[in-house]
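Undergrad: Input file: work_26.cif. Contents: mmCIF, C-alpha atoms and all ligand atoms.
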data_coords
loop_
_atom_site.label_atom_id
_atom_site.label_comp_id
_atom_site.auth_asym_id
_atom_site.auth_seq_id
_atom_site.Cartn_x
_atom_site.Cartn_y
_atom_site.Cartn_z
CA MET A 1 -3.34 -12.79 19.62
CA VAL A 2 -6.67 -13.12 17.80
CA PRO A 3 -6.44 -11.55 14.33
CA GLY A 4 -7.98 -8.34 15.56
CA PRO A 5 -8.75 -6.58 17.74
CA THR A 6 -5.23 -6.37 19.16
CA ASN A 7 -3.76 -5.35 22.49
CA LEU A 8 -3.91 -1.65 23.28
CA SER A 9 -1.10 0.40 24.80
CA MET A 10 -1.74 2.18 28.08
CA GLY A 11 -1.67 5.52 26.24
CA VAL A 12 -4.45 4.40 23.90
CA ARG A 13 -6.53 3.09 26.77
CA GLN A 14 -6.11 6.31 28.71
CA ALA A 15 -7.20 8.34 25.71
CA MET A 16 -10.61 6.67 26.00
CA SER A 17 -11.13 7.54 29.65
CA GLN A 18 -11.07 11.32 29.46
CA PRO A 19 -14.08 13.54 30.13
CA GLN A 20 -16.42 13.75 27.15
CA VAL A 21 -15.81 16.59 24.69
CA GLY A 22 -18.33 17.75 22.13
CA HIS A 23 -17.74 16.66 18.58
CA MET A 24 -18.00 20.29 17.45
CA ASP A 25 -15.59 21.55 20.08
CA LEU A 26 -12.66 23.34 18.44
CA ASP A 27 -10.16 21.26 20.41
CA TYR A 28 -11.75 18.11 19.06
CA ALA A 29 -11.63 19.50 15.51
CA LYS A 30 -7.88 20.02 15.96
CA GLU A 31 -7.49 16.48 17.26
CA PHE A 32 -9.41 15.10 14.31
CA SER A 33 -7.28 17.05 11.83
CA GLU A 34 -4.28 15.41 13.44
CA VAL A 35 -5.91 11.98 13.03
CA VAL A 36 -6.32 12.64 9.29
CA ARG A 37 -2.74 13.92 8.97
CA LEU A 38 -1.37 10.84 10.75
CA ALA A 39 -3.65 8.52 8.76
CA ARG A 40 -2.04 9.91 5.59
CA LYS A 41 1.36 9.01 7.00
CA ALA A 42 0.23 5.48 7.87
CA PHE A 43 -0.88 4.95 4.25
CA ARG A 44 1.93 7.06 2.72
CA ASN A 45 -0.86 8.97 1.06
CA ASN A 46 0.32 12.41 -0.05
CA ASN A 47 -1.31 12.42 -3.45
CA GLY A 48 -4.81 11.16 -2.75
CA HIS A 49 -7.69 11.97 -0.42
CA GLN A 50 -7.88 10.62 3.09
CA PHE A 51 -11.01 9.72 5.03
CA VAL A 52 -11.45 8.56 8.62
CA LEU A 53 -14.97 7.51 9.63
CA THR A 54 -16.79 5.86 12.48
CA GLY A 55 -17.65 2.28 11.61
CA SER A 56 -16.09 -1.15 11.11
CA GLY A 57 -14.06 -2.49 8.21
CA THR A 58 -17.20 -3.65 6.45
CA LEU A 59 -18.34 -0.04 6.19
CA ALA A 60 -15.17 0.74 4.24
CA MET A 61 -15.78 -2.29 1.99
CA GLU A 62 -19.27 -1.04 1.26
CA ILE A 63 -18.07 2.51 0.66
CA ALA A 64 -15.52 1.24 -1.87
CA VAL A 65 -18.45 -0.28 -3.76
CA THR A 66 -20.83 2.69 -3.51
CA SER A 67 -18.01 4.96 -4.67
CA ILE A 68 -17.43 2.96 -7.84
CA VAL A 69 -20.30 0.71 -8.80
CA SER A 70 -23.46 1.59 -10.64
CA PRO A 71 -25.99 -1.21 -11.22
CA GLY A 72 -24.92 -3.43 -14.10
CA ASP A 73 -21.21 -2.55 -13.92
CA LYS A 74 -18.89 -5.48 -14.49
CA VAL A 75 -16.24 -5.97 -11.80
CA LEU A 76 -13.57 -8.58 -11.11
CA ALA A 77 -13.17 -9.90 -7.58
CA LEU A 78 -10.30 -12.10 -6.47
CA ASN A 79 -11.95 -14.54 -4.12
CA THR A 80 -9.27 -15.77 -1.75
CA GLY A 81 -11.35 -16.37 1.35
CA TYR A 82 -14.18 -15.30 3.61
CA PHE A 83 -13.53 -11.54 3.45
CA ALA A 84 -12.89 -11.51 -0.28
CA ASN A 85 -16.18 -13.34 -0.60
CA ARG A 86 -17.88 -10.63 1.46
CA MET A 87 -16.59 -8.13 -1.10
CA VAL A 88 -18.30 -10.20 -3.81
CA GLU A 89 -21.56 -10.16 -1.86
CA ILE A 90 -21.45 -6.41 -1.28
CA ASN A 91 -20.83 -5.83 -4.98
CA LYS A 92 -23.83 -8.00 -5.82
CA ALA A 93 -25.96 -6.16 -3.26
CA TYR A 94 -25.30 -2.97 -5.24
CA GLY A 95 -26.18 -4.56 -8.56
CA ALA A 96 -22.70 -5.25 -9.93
CA SER A 97 -22.15 -8.08 -12.34
CA VAL A 98 -19.28 -9.87 -10.57
CA GLU A 99 -16.76 -12.19 -12.15
CA GLU A 100 -14.54 -14.03 -9.73
CA ILE A 101 -11.15 -15.64 -9.72
CA ARG A 102 -11.42 -18.24 -6.96
CA THR A 103 -8.35 -19.78 -5.44
CA GLU A 104 -7.82 -22.88 -3.36
CA PHE A 105 -7.88 -22.18 0.40
CA GLY A 106 -4.52 -20.72 1.44
CA VAL A 107 -3.38 -19.95 -2.12
CA SER A 108 -3.07 -16.39 -3.41
CA ALA A 109 -4.41 -15.09 -6.71
CA ASP A 110 -2.06 -15.44 -9.65
CA PRO A 111 -1.30 -12.04 -11.27
CA ASP A 112 -0.91 -13.77 -14.67
CA GLU A 113 -4.42 -15.15 -14.42
CA VAL A 114 -5.64 -11.67 -13.46
CA ARG A 115 -3.92 -10.24 -16.55
CA ARG A 116 -5.50 -12.86 -18.81
CA LYS A 117 -8.93 -12.22 -17.35
CA LEU A 118 -8.53 -8.46 -17.78
CA ALA A 119 -7.37 -8.92 -21.37
CA ALA A 120 -10.48 -10.97 -22.15
CA GLY A 121 -13.03 -8.41 -20.97
CA LYS A 122 -13.55 -4.87 -19.73
CA PHE A 123 -14.01 -4.44 -15.98
CA LYS A 124 -14.89 -1.26 -14.12
CA ALA A 125 -12.83 -2.32 -11.11
CA VAL A 126 -10.72 -5.08 -9.63
CA PHE A 127 -11.22 -5.92 -5.95
CA VAL A 128 -8.39 -7.61 -4.06
CA THR A 129 -7.96 -8.45 -0.39
CA HIS A 130 -4.35 -7.85 0.61
CA VAL A 131 -4.43 -10.37 3.47
CA ASP A 132 -7.52 -12.52 3.82
CA THR A 133 -7.77 -13.01 7.57
CA SER A 134 -9.79 -16.21 7.15
CA SER A 135 -7.27 -18.13 5.08
CA THR A 136 -4.29 -15.98 6.20
CA THR A 137 -3.25 -15.65 2.54
CA CYS A 138 -1.38 -12.60 1.31
CA ASN A 139 -2.01 -11.47 -2.27
CA ALA A 140 0.61 -9.87 -4.51
CA VAL A 141 -1.12 -6.49 -4.47
CA LYS A 142 1.61 -4.58 -6.30
CA GLU A 143 1.40 -6.85 -9.34
CA ILE A 144 -2.39 -7.10 -9.22
CA VAL A 145 -2.94 -3.34 -8.93
CA LYS A 146 -0.51 -2.85 -11.82
CA GLU A 147 -2.47 -5.28 -13.98
CA ALA A 148 -5.74 -3.58 -13.07
CA LYS A 149 -4.48 -0.09 -13.86
CA ASN A 150 -2.79 -1.21 -17.10
CA SER A 151 -6.11 -2.58 -18.26
CA GLY A 152 -7.91 0.68 -17.51
CA SER A 153 -9.80 -0.66 -14.46
CA LEU A 154 -9.99 0.91 -11.03
CA ALA A 155 -8.21 -1.00 -8.26
CA VAL A 156 -9.55 -1.53 -4.75
CA VAL A 157 -7.42 -3.06 -1.99
CA ASP A 158 -8.91 -4.33 1.25
CA GLY A 159 -6.01 -3.56 3.58
CA VAL A 160 -7.87 -4.34 6.81
CA CYS A 161 -5.37 -7.03 7.76
CA SER A 162 -2.31 -5.32 6.31
CA VAL A 163 -2.09 -1.53 6.61
CA GLY A 164 0.51 -0.70 9.26
CA GLY A 165 1.84 -4.27 9.43
CA LEU A 166 2.82 -5.04 5.86
CA GLU A 167 4.49 -2.93 3.22
CA LEU A 168 1.84 -0.81 1.54
CA ASP A 169 2.60 2.58 0.07
CA PHE A 170 -0.57 4.15 -1.30
CA ASP A 171 1.10 6.70 -3.58
CA ARG A 172 3.47 4.18 -5.14
CA LEU A 173 0.92 1.40 -5.32
CA GLY A 174 -1.37 3.48 -7.51
CA ALA A 175 -4.62 1.87 -6.27
CA ASP A 176 -7.84 3.89 -6.23
CA VAL A 177 -9.09 2.79 -2.84
CA VAL A 178 -7.17 1.26 0.05
CA PHE A 179 -8.81 0.93 3.44
CA THR A 180 -8.25 -0.52 6.86
CA GLY A 181 -10.00 -0.86 10.20
CA SER A 182 -8.45 0.55 13.35
CA GLN A 183 -8.43 -2.73 15.28
CA LYS A 184 -5.64 -4.58 13.52
CA ALA A 185 -2.05 -3.53 12.81
CA LEU A 186 -2.74 0.06 13.86
CA ALA A 187 -3.36 -1.17 17.44
CA ALA A 188 -6.35 1.07 18.09
CA PRO A 189 -9.74 -0.08 19.36
CA PRO A 190 -12.34 -1.31 16.83
CA GLY A 191 -14.84 1.16 15.47
CA THR A 192 -13.07 3.48 13.04
CA VAL A 193 -12.05 3.03 9.41
CA LEU A 194 -9.34 4.74 7.42
CA ILE A 195 -9.79 5.05 3.67
CA ALA A 196 -7.36 6.40 1.07
CA VAL A 197 -8.89 7.39 -2.28
CA SER A 198 -7.15 8.40 -5.50
CA ARG A 199 -7.76 11.80 -7.05
CA GLU A 200 -8.81 10.07 -10.24
CA LEU A 201 -11.61 8.19 -8.50
CA LEU A 202 -12.84 11.22 -6.57
CA GLU A 203 -13.06 13.18 -9.82
CA GLN A 204 -15.01 10.32 -11.39
CA MET A 205 -17.38 10.33 -8.42
CA GLU A 206 -17.94 14.06 -8.73
CA GLY A 207 -18.74 13.63 -12.42
CA ARG A 208 -21.10 10.70 -12.03
CA LYS A 209 -24.40 10.99 -13.81
CA ASP A 210 -26.23 8.61 -11.49
CA SER A 211 -26.23 9.53 -7.83
CA ILE A 212 -24.08 7.58 -5.40
CA ARG A 213 -26.24 5.07 -3.55
CA GLY A 214 -26.12 5.82 0.13
CA TYR A 215 -25.91 8.83 2.36
CA TYR A 216 -23.52 7.90 5.16
CA LEU A 217 -21.83 5.75 2.51
CA ASN A 218 -21.22 8.66 0.17
CA LEU A 219 -17.66 9.95 0.48
CA LEU A 220 -18.55 13.16 -1.36
CA ARG A 221 -20.68 14.11 1.64
CA TRP A 222 -17.78 13.41 4.00
CA LYS A 223 -15.17 15.30 2.00
CA PRO A 224 -15.86 18.82 3.36
CA TYR A 225 -15.66 17.49 6.92
CA MET A 226 -12.31 15.81 6.24
CA ASP A 227 -10.97 19.09 4.87
CA ASP A 228 -12.31 21.17 7.75
CA PRO A 229 -13.64 19.23 10.75
CA ARG A 230 -15.04 22.30 12.46
CA GLY A 231 -18.36 21.61 10.76
CA TYR A 232 -20.80 18.75 11.19
CA PHE A 233 -21.77 15.80 9.07
CA ALA A 234 -22.51 12.96 11.51
CA THR A 235 -21.50 12.55 15.14
CA PRO A 236 -18.20 10.65 15.28
CA ALA A 237 -17.25 8.17 18.03
CA VAL A 238 -15.17 10.86 19.75
CA GLN A 239 -13.35 8.58 22.21
CA LEU A 240 -12.43 6.10 19.48
CA MET A 241 -11.00 8.91 17.35
CA GLN A 242 -9.00 10.16 20.33
CA ALA A 243 -7.67 6.65 20.92
CA LEU A 244 -6.87 6.29 17.21
CA LYS A 245 -4.90 9.53 17.36
CA VAL A 246 -2.68 8.15 20.12
CA ALA A 247 -2.25 4.81 18.31
CA LEU A 248 -1.23 6.66 15.12
CA GLN A 249 1.17 8.83 17.10
CA GLU A 250 2.76 5.67 18.48
CA LEU A 251 3.04 4.26 14.97
CA ASP A 252 4.60 7.50 13.78
CA LYS A 253 7.11 7.41 16.62
CA GLU A 254 8.10 3.82 15.84
CA GLY A 255 8.26 4.61 12.10
CA LEU A 256 6.31 2.74 9.44
CA ASP A 257 9.35 0.91 8.04
CA ALA A 258 10.42 -0.12 11.54
CA ARG A 259 6.94 -1.40 12.27
CA TRP A 260 6.92 -3.46 9.06
CA ARG A 261 10.31 -4.90 10.03
CA ARG A 262 9.10 -5.75 13.55
CA HIS A 263 6.06 -7.49 12.11
CA HIS A 264 8.23 -9.51 9.73
CA ALA A 265 10.67 -10.56 12.47
CA ASN A 266 7.87 -11.63 14.83
CA ALA A 267 6.05 -13.46 12.04
CA GLU A 268 9.22 -15.42 11.26
CA ILE A 269 9.62 -16.42 14.92
CA ILE A 270 6.03 -17.62 15.05
CA ARG A 271 6.09 -19.47 11.72
CA GLU A 272 9.37 -21.22 12.52
CA GLY A 273 8.12 -22.12 16.00
CA ILE A 274 4.95 -23.69 14.63
CA VAL A 275 6.76 -25.72 11.99
CA SER A 276 9.45 -26.85 14.45
CA VAL A 277 6.86 -28.71 16.53
CA GLY A 278 5.50 -30.55 13.51
CA ASN A 279 2.46 -28.43 12.57
CA ARG A 280 1.70 -27.31 9.05
CA LEU A 281 1.01 -23.73 8.06
CA VAL A 282 -2.21 -23.21 6.12
CA VAL A 283 -0.39 -21.14 3.51
CA ARG A 284 2.11 -23.40 1.78
CA GLU A 285 3.98 -20.90 -0.38
CA PRO A 286 6.30 -18.68 1.69
CA ALA A 287 5.58 -15.72 -0.63
CA ASP A 288 1.85 -16.01 0.14
CA ARG A 289 2.29 -15.84 3.92
CA ALA A 290 1.31 -12.73 5.82
CA ASP A 291 3.37 -11.01 8.49
CA THR A 292 0.18 -10.09 10.33
CA VAL A 293 -1.65 -13.41 10.80
CA THR A 294 -0.78 -17.09 10.52
CA GLY A 295 -3.09 -20.05 9.99
CA ILE A 296 -2.07 -23.40 11.50
CA TRP A 297 -3.56 -26.79 10.64
CA THR A 298 -4.05 -28.72 13.85
CA LYS A 299 -4.20 -32.49 13.96
CA ASP A 300 -7.48 -34.42 14.24
CA GLY A 301 -9.84 -31.60 15.01
CA ALA A 302 -7.70 -30.44 17.92
CA ALA A 303 -8.08 -26.70 17.28
CA PRO A 304 -10.67 -26.04 20.04
CA ASP A 305 -8.60 -27.94 22.63
CA VAL A 306 -5.35 -26.19 21.77
CA GLN A 307 -7.19 -22.87 21.81
CA ARG A 308 -8.62 -23.63 25.27
CA VAL A 309 -5.28 -24.71 26.76
CA LEU A 310 -3.55 -21.61 25.38
CA ARG A 311 -6.18 -19.46 26.98
CA GLU A 312 -6.53 -21.20 30.33
CA ARG A 313 -2.89 -22.03 31.03
CA TYR A 314 -0.97 -19.40 29.14
CA ASN A 315 -3.33 -16.45 28.99
CA ILE A 316 -3.07 -16.31 25.18
CA ASP A 317 -6.18 -15.80 23.11
CA VAL A 318 -6.04 -17.12 19.53
CA ALA A 319 -8.88 -17.64 17.03
CA LYS A 320 -10.23 -20.78 15.42
CA GLY A 321 -10.84 -21.07 11.70
CA LEU A 322 -14.03 -19.62 10.30
CA GLY A 323 -16.90 -21.85 9.22
CA GLU A 324 -16.06 -25.45 8.37
CA ASN A 325 -12.42 -24.93 9.41
CA GLY A 326 -13.42 -24.25 13.01
CA THR A 327 -12.04 -27.50 14.40
CA LYS A 328 -9.22 -27.88 11.92
CA MET A 329 -7.25 -24.69 12.10
CA LEU A 330 -6.14 -21.90 14.38
CA ARG A 331 -5.52 -18.33 13.36
CA VAL A 332 -2.88 -16.41 15.26
CA GLY A 333 -2.70 -12.66 14.96
CA HIS A 334 0.77 -11.18 15.38
CA PHE A 335 0.31 -7.53 14.67
CA GLY A 336 -0.11 -4.23 16.43
CA ASN A 337 2.00 -3.93 19.56
CA LEU A 338 3.25 -7.53 19.71
CA THR A 339 6.84 -7.73 21.00
CA LYS A 340 9.57 -10.25 20.21
CA GLU A 341 9.26 -11.57 23.78
CA GLN A 342 5.55 -12.17 23.29
CA ALA A 343 6.21 -13.93 19.96
CA ASN A 344 8.69 -16.24 21.71
CA TYR A 345 6.28 -16.78 24.60
CA PHE A 346 3.62 -17.82 22.11
CA VAL A 347 5.96 -20.34 20.47
CA ASP A 348 6.85 -21.97 23.82
CA SER A 349 3.24 -21.98 24.98
CA PHE A 350 2.02 -23.46 21.69
CA ALA A 351 4.56 -26.29 21.92
CA ASN A 352 3.41 -27.03 25.49
CA ALA A 353 -0.27 -26.76 24.64
CA LEU A 354 0.08 -29.39 21.91
CA THR A 355 1.20 -31.95 24.47
CA GLY A 356 -1.56 -30.89 26.82
CA ARG A 357 0.86 -29.15 29.19
C1 LIG B 401 -9.44 -8.60 5.51
C2 LIG B 401 -10.67 -8.14 6.21
N1 LIG B 401 -11.54 -7.37 5.54
C3 LIG B 401 -12.66 -6.90 6.11
C4 LIG B 401 -12.97 -7.21 7.41
C5 LIG B 401 -14.25 -6.70 8.00
O1 LIG B 401 -13.95 -5.82 9.03
P1 LIG B 401 -14.97 -5.59 10.26
O2 LIG B 401 -15.11 -6.89 10.98
O3 LIG B 401 -14.23 -4.55 11.09
O4 LIG B 401 -16.24 -5.10 9.71
C6 LIG B 401 -12.10 -8.00 8.16
C7 LIG B 401 -12.39 -8.35 9.56
O5 LIG B 401 -11.69 -9.06 10.22
C8 LIG B 401 -10.92 -8.46 7.54
O6 LIG B 401 -10.06 -9.22 8.20
#
Hey, can you dump this file as structure tokens for me?
Ligand SMILES: Cc1ncc(COP(=O)(O)O)c(C=O)c1O

TA:
Amino acid sequence: MVPGPTNLSMGVRQAMSQPQVGHMDLDYAKEFSEVVRLARKAFRNNNGHQFVLTGSGTLAMEIAVTSIVSPGDKVLALNTGYFANRMVEINKAYGASVEEIRTEFGVSADPDEVRRKLAAGKFKAVFVTHVDTSSTTCNAVKEIVKEAKNSGSLAVVDGVCSVGGLELDFDRLGADVVFTGSQKALAAPPGTVLIAVSRELLEQMEGRKDSIRGYYLNLLRWKPYMDDPRGYFATPAVQLMQALKVALQELDKEGLDARWRRHHANAEIIREGIVSVGNRLVVREPADRADTVTGIWTKDGAAPDVQRVLRERYNIDVAKGLGENGTKMLRVGHFGNLTKEQANYFVDSFANALTGR
């Protein structure tokens, strides 16, 4: 129950223990086409372009920037935690002039403030993290993307901690880039990224006067391979793609809406359980809480002890806070394959761990 990677089903694990196949084998090309088809379903992306690459979530963050930003471009980043801040840093690394809306830890960005900021200046793009896994805050992406698009900016959503676990419909959302990593709500091993890109942005990329910075990070180079994976661009992590295929098949079988509902029900069990034993949730506003991860304030620097007891006595692995919050808070991931029974088991174990039992 760390906020990624998550537990893998037996089917996903078995997919990684098959004899090696070549990445240019026709059977593998068919499997990869199926990965892309199922990735579209996981994003509800019928209108845009879909990419699936080898790499971690940070690769997708960087690709979102190389796809959009030329040096000197002004962008708006909603800084709601550690990962949103990474997006700021990547933008700066590529020469963007970044303006930020910073929120208090555990508080989401206010769409009205975003609108005011966008009315006051012209921004090439708005970057928002759907769920910041550090602060466990969920941003109102529908409203924020709407504000961005109304103002004529591109909209980028970091969906690493949301896609598959929280409502997110790429076509209806209207964002230009939404991405996730395989290791979170999709319940696949770490090492692959899934990126949905709007037609509008791809056309802009094709028409760019300056060249896109990066080679592996240039989606235009990947596009032919996504359309027909019988060719070669760069050797993919074959086993991870095969595992991702099975994880996406399992998601498809469960149904995206059903998976969102399961995540919500389990999140409610966990949140109520935490509050019922007297602990505070990091995110105060119910609307800002995520159904994929929950932050808990622990008393008097007790986070490492509670974490240790959960692990040693109850076989549950949770994460501490990042940086200065390491002793003050725990982060509990409740996404992927988590069952209601496991959510209840966590609640009982957490209550016992607090009293040292
Ligand atoms: C919201 C969010 N964005 C980006 C990342 C970076 O992903 P990765 O660690 O796979 O590079 C993470 C990682 O946990 C994340 O939670």

Undergrad: In Å, rounded to a single decimal, give me how far CA of Arg262 (chain A) is from CA of Asp317 (chain A).

TA: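 Calculated distance between CA of Asp317 (chain A) and CA of Arg262 (chain A) is 20.6 Å.
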
Undergrad: For the contact check between chain A and ligand LIG 401 (chain B), emit one row per residue of chain A within 6 Å, containing the shortest atom pair and the distance in Å rounded to one decimal, counting all atoms listed in the file, chain then rising number order, as JSON lines.

TA:
{"residue": "A:Ser56", "atom": "CA", "partner": "B:LIG401", "partner_atom": "O3", "distance": 3.9}
{"residue": "A:Gly57", "atom": "CA", "partner": "B:LIG401", "partner_atom": "O1", "distance": 3.4}
{"residue": "A:Thr58", "atom": "CA", "partner": "B:LIG401", "partner_atom": "O4", "distance": 3.7}
{"residue": "A:Phe83", "atom": "CA", "partner": "B:LIG401", "partner_atom": "N1", "distance": 5.1}
{"residue": "A:Val131", "atom": "CA", "partner": "B:LIG401", "partner_atom": "C1", "distance": 5.7}
{"residue": "A:Asp132", "atom": "CA", "partner": "B:LIG401", "partner_atom": "C1", "distance": 4.7}
{"residue": "A:Thr133", "atom": "CA", "partner": "B:LIG401", "partner_atom": "O6", "distance": 4.5}
{"residue": "A:Asp158", "atom": "CA", "partner": "B:LIG401", "partner_atom": "N1", "distance": 5.9}
{"residue": "A:Val160", "atom": "CA", "partner": "B:LIG401", "partner_atom": "C1", "distance": 4.7}
{"residue": "A:Cys161", "atom": "CA", "partner": "B:LIG401", "partner_atom": "C1", "distance": 4.9}
{"residue": "A:Gly181", "atom": "CA", "partner": "B:LIG401", "partner_atom": "O3", "distance": 5.7}

Undergrad: Just the residues within 8 Å of Asp169 (chain A), please, counting all atoms listed in the file, with nothing from its chain fewer than 5 positions along; format it as a ChimeraX atom specification.

TA: /A:43-45

Undergrad: Identify the residues within 6 Å of coordinate (-16.4, -4.3, -7.0) (same frame as the file), considering only C-alpha atoms, and give the answer as a list in words.

TA: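 Output: Val65, Val75, Asn91, Ala125 and Phe127 of chain A.
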
Undergrad: What lies within 6 Å of region 194-211 of chain A using all atoms listed in the file, ignoring chain neighbours under 2 positions off, as a PyMOL selection string?

TA: chain A and resi 48-52+176-180

Undergrad: Using only C-alpha atoms, find all polymer residues with an atom at most 8 Å away from the point (-3.1, -7.0, -22.2); report them as a list of chain:residue names.

TA: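 With a cut-off of 8 Å, the residues come to A:Arg115, A:Arg116, A:Leu118, A:Ala119, A:Asn150, A:Ser151.
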
Undergrad: So, counting all atoms listed in the file, which residue among A:Gly22, A:Gly121, A:Gly164, A:Gly106 is closest to Asp252 (chain A)?

TA: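 So, comparing all the options, the nearest one is A:Gly164.
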
Undergrad: Per residue of region 235-308 of chain A within 7 Å of region 321-328 of chain A, what are the shortest atom pair and its distance in Å to one decimal, counting all atoms listed in the file, with rows by chain and residue number, as JSON lines?

TA:
{"residue": "A:Trp297", "atom": "CA", "partner": "A:Lys328", "partner_atom": "CA", "distance": 5.9}
{"residue": "A:Thr298", "atom": "CA", "partner": "A:Lys328", "partner_atom": "CA", "distance": 5.6}
{"residue": "A:Gly301", "atom": "CA", "partner": "A:Thr327", "partner_atom": "CA", "distance": 4.7}
{"residue": "A:Ala302", "atom": "CA", "partner": "A:Thr327", "partner_atom": "CA", "distance": 6.3}
{"residue": "A:Ala303", "atom": "CA", "partner": "A:Thr327", "partner_atom": "CA", "distance": 5.0}
{"residue": "A:Pro304", "atom": "CA", "partner": "A:Thr327", "partner_atom": "CA", "distance": 6.0}

Undergrad: So which one's closest to Ala155 (chain A), A:Lys142, A:Lys92, A:Arg102, A:Arg230? Using all atoms listed in the file, please.

TA: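 Among the listed residues, the smallest separation from Ala155 (chain A) belongs to A:Lys142.
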
Undergrad: Need to verify the contact set: Thr129 (chain A), 10 Å, all atoms listed in the file, exclusion of same-chain residues closer than 3 positions in sequence. Can you return it as a PyMOL selection string?

TA: chain A and resi 77-81+83-85+87+108-109+132-133+137-141+156-162+178

Undergrad: Give me, as a list in words, all polymer residues having an atom no more than 12 Å from Arg311 (chain A), counting only C-alpha atoms and skipping those fewer than 4 positions away in the same chain.

TA: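 With the cut-off at 12 Å, the set is Met1, Val2, Pro304, Asp305, Val306, Gln307, Asn315, Ile316, Asp317, Val318, Ala319, Phe346, Ser349, Phe350 and Ala353 of chain A.
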
Undergrad: Write a file of the selected residues as a JSON list (two decimals), in the frame of the given file, keeping C-alpha atoms.

TA:
[["chain", "number", "residue", "atom", "x", "y", "z"],
["A", 1, "MET", "CA", -3.34, -12.79, 19.62],
["A", 2, "VAL", "CA", -6.67, -13.12, 17.80],
["A", 304, "PRO", "CA", -10.67, -26.04, 20.04],
["A", 305, "ASP", "CA", -8.60, -27.94, 22.63],
["A", 306, "VAL", "CA", -5.35, -26.19, 21.77],
["A", 307, "GLN", "CA", -7.19, -22.87, 21.81],
["A", 315, "ASN", "CA", -3.33, -16.45, 28.99],
["A", 316, "ILE", "CA", -3.07, -16.31, 25.18],
["A", 317, "ASP", "CA", -6.18, -15.80, 23.11],
["A", 318, "VAL", "CA", -6.04, -17.12, 19.53],
["A", 319, "ALA", "CA", -8.88, -17.64, 17.03],
["A", 346, "PHE", "CA", 3.62, -17.82, 22.11],
["A", 349, "SER", "CA", 3.24, -21.98, 24.98],
["A", 350, "PHE", "CA", 2.02, -23.46, 21.69],
["A", 353, "ALA", "CA", -0.27, -26.76, 24.64]]

Undergrad: Could you name the residues that touch region 26-33 of chain A at 7 Å or less, counting all atoms listed in the file, but leaving out those on the same chain fewer than 3 positions away, as a list of chain:residue names?

TA: A:His23, A:Val36, A:Arg37, A:Pro229, A:Arg230

Undergrad: Take the residues just selected and output them with C-alpha atoms as a compact mmCIF listing (two decimals), in the coordinates of the input.

TA:
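Saved the output as out-v7.txt:
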# COMPACT_ATOMS: atom_id res chain seq x y z
CA HIS A 23 -17.74 16.66 18.58
CA VAL A 36 -6.32 12.64 9.29
CA ARG A 37 -2.74 13.92 8.97
CA PRO A 229 -13.64 19.23 10.75
CA ARG A 230 -15.04 22.30 12.46

Undergrad: For each of A:Gln239, A:Tyr314, A:Val21, A:Tyr216, take the minimum atom-to-atom distance to Ser67 (chain A), counting only C-alpha atoms, then give the residue where this is smallest.

TA: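 Of the candidates, the smallest distance to Ser67 (chain A) is held by A:Tyr216.
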
Undergrad: Of the candidates A:Leu354, A:Leu154, A:Val347, A:Leu8, which one gets nearest to Ile269 (chain A) if we count only C-alpha atoms?

TA: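 That would be A:Val347, the residue with the smallest distance to Ile269 (chain A).
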
Undergrad: I need the residue nearest Ser17 (chain A) from this list: A:Ala185, A:Ala243, A:Ala265, A:Glu113. Use only C-alpha atoms for the distance.

TA: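 Between A:Ala185, A:Ala243, A:Ala265, A:Glu113, the residue approaching Ser17 (chain A) most closely is A:Ala243.
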
Undergrad: Find the residue from A:Lys149, A:Lys320, A:Lys184, A:Arg308 that sits nearest to Val126 (chain A); use only C-alpha atoms when measuring.

TA: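 Distance minimum relative to Val126 (chain A) lands on A:Lys149.
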
Undergrad: Could you work out how far CA of Thr294 (chain A) lies from CA of Gly273 (chain A), giving the answer in Å with one decimal?

TA: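 Rounded to one decimal, the two atoms are 11.6 Å apart.
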
Undergrad: How far is it from CA of Thr136 (chain A) to CA of Arg289 (chain A), in Å with one decimal?

TA: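 Value for the CA of Thr136 (chain A)-CA of Arg289 (chain A) distance: 7.0 Å.
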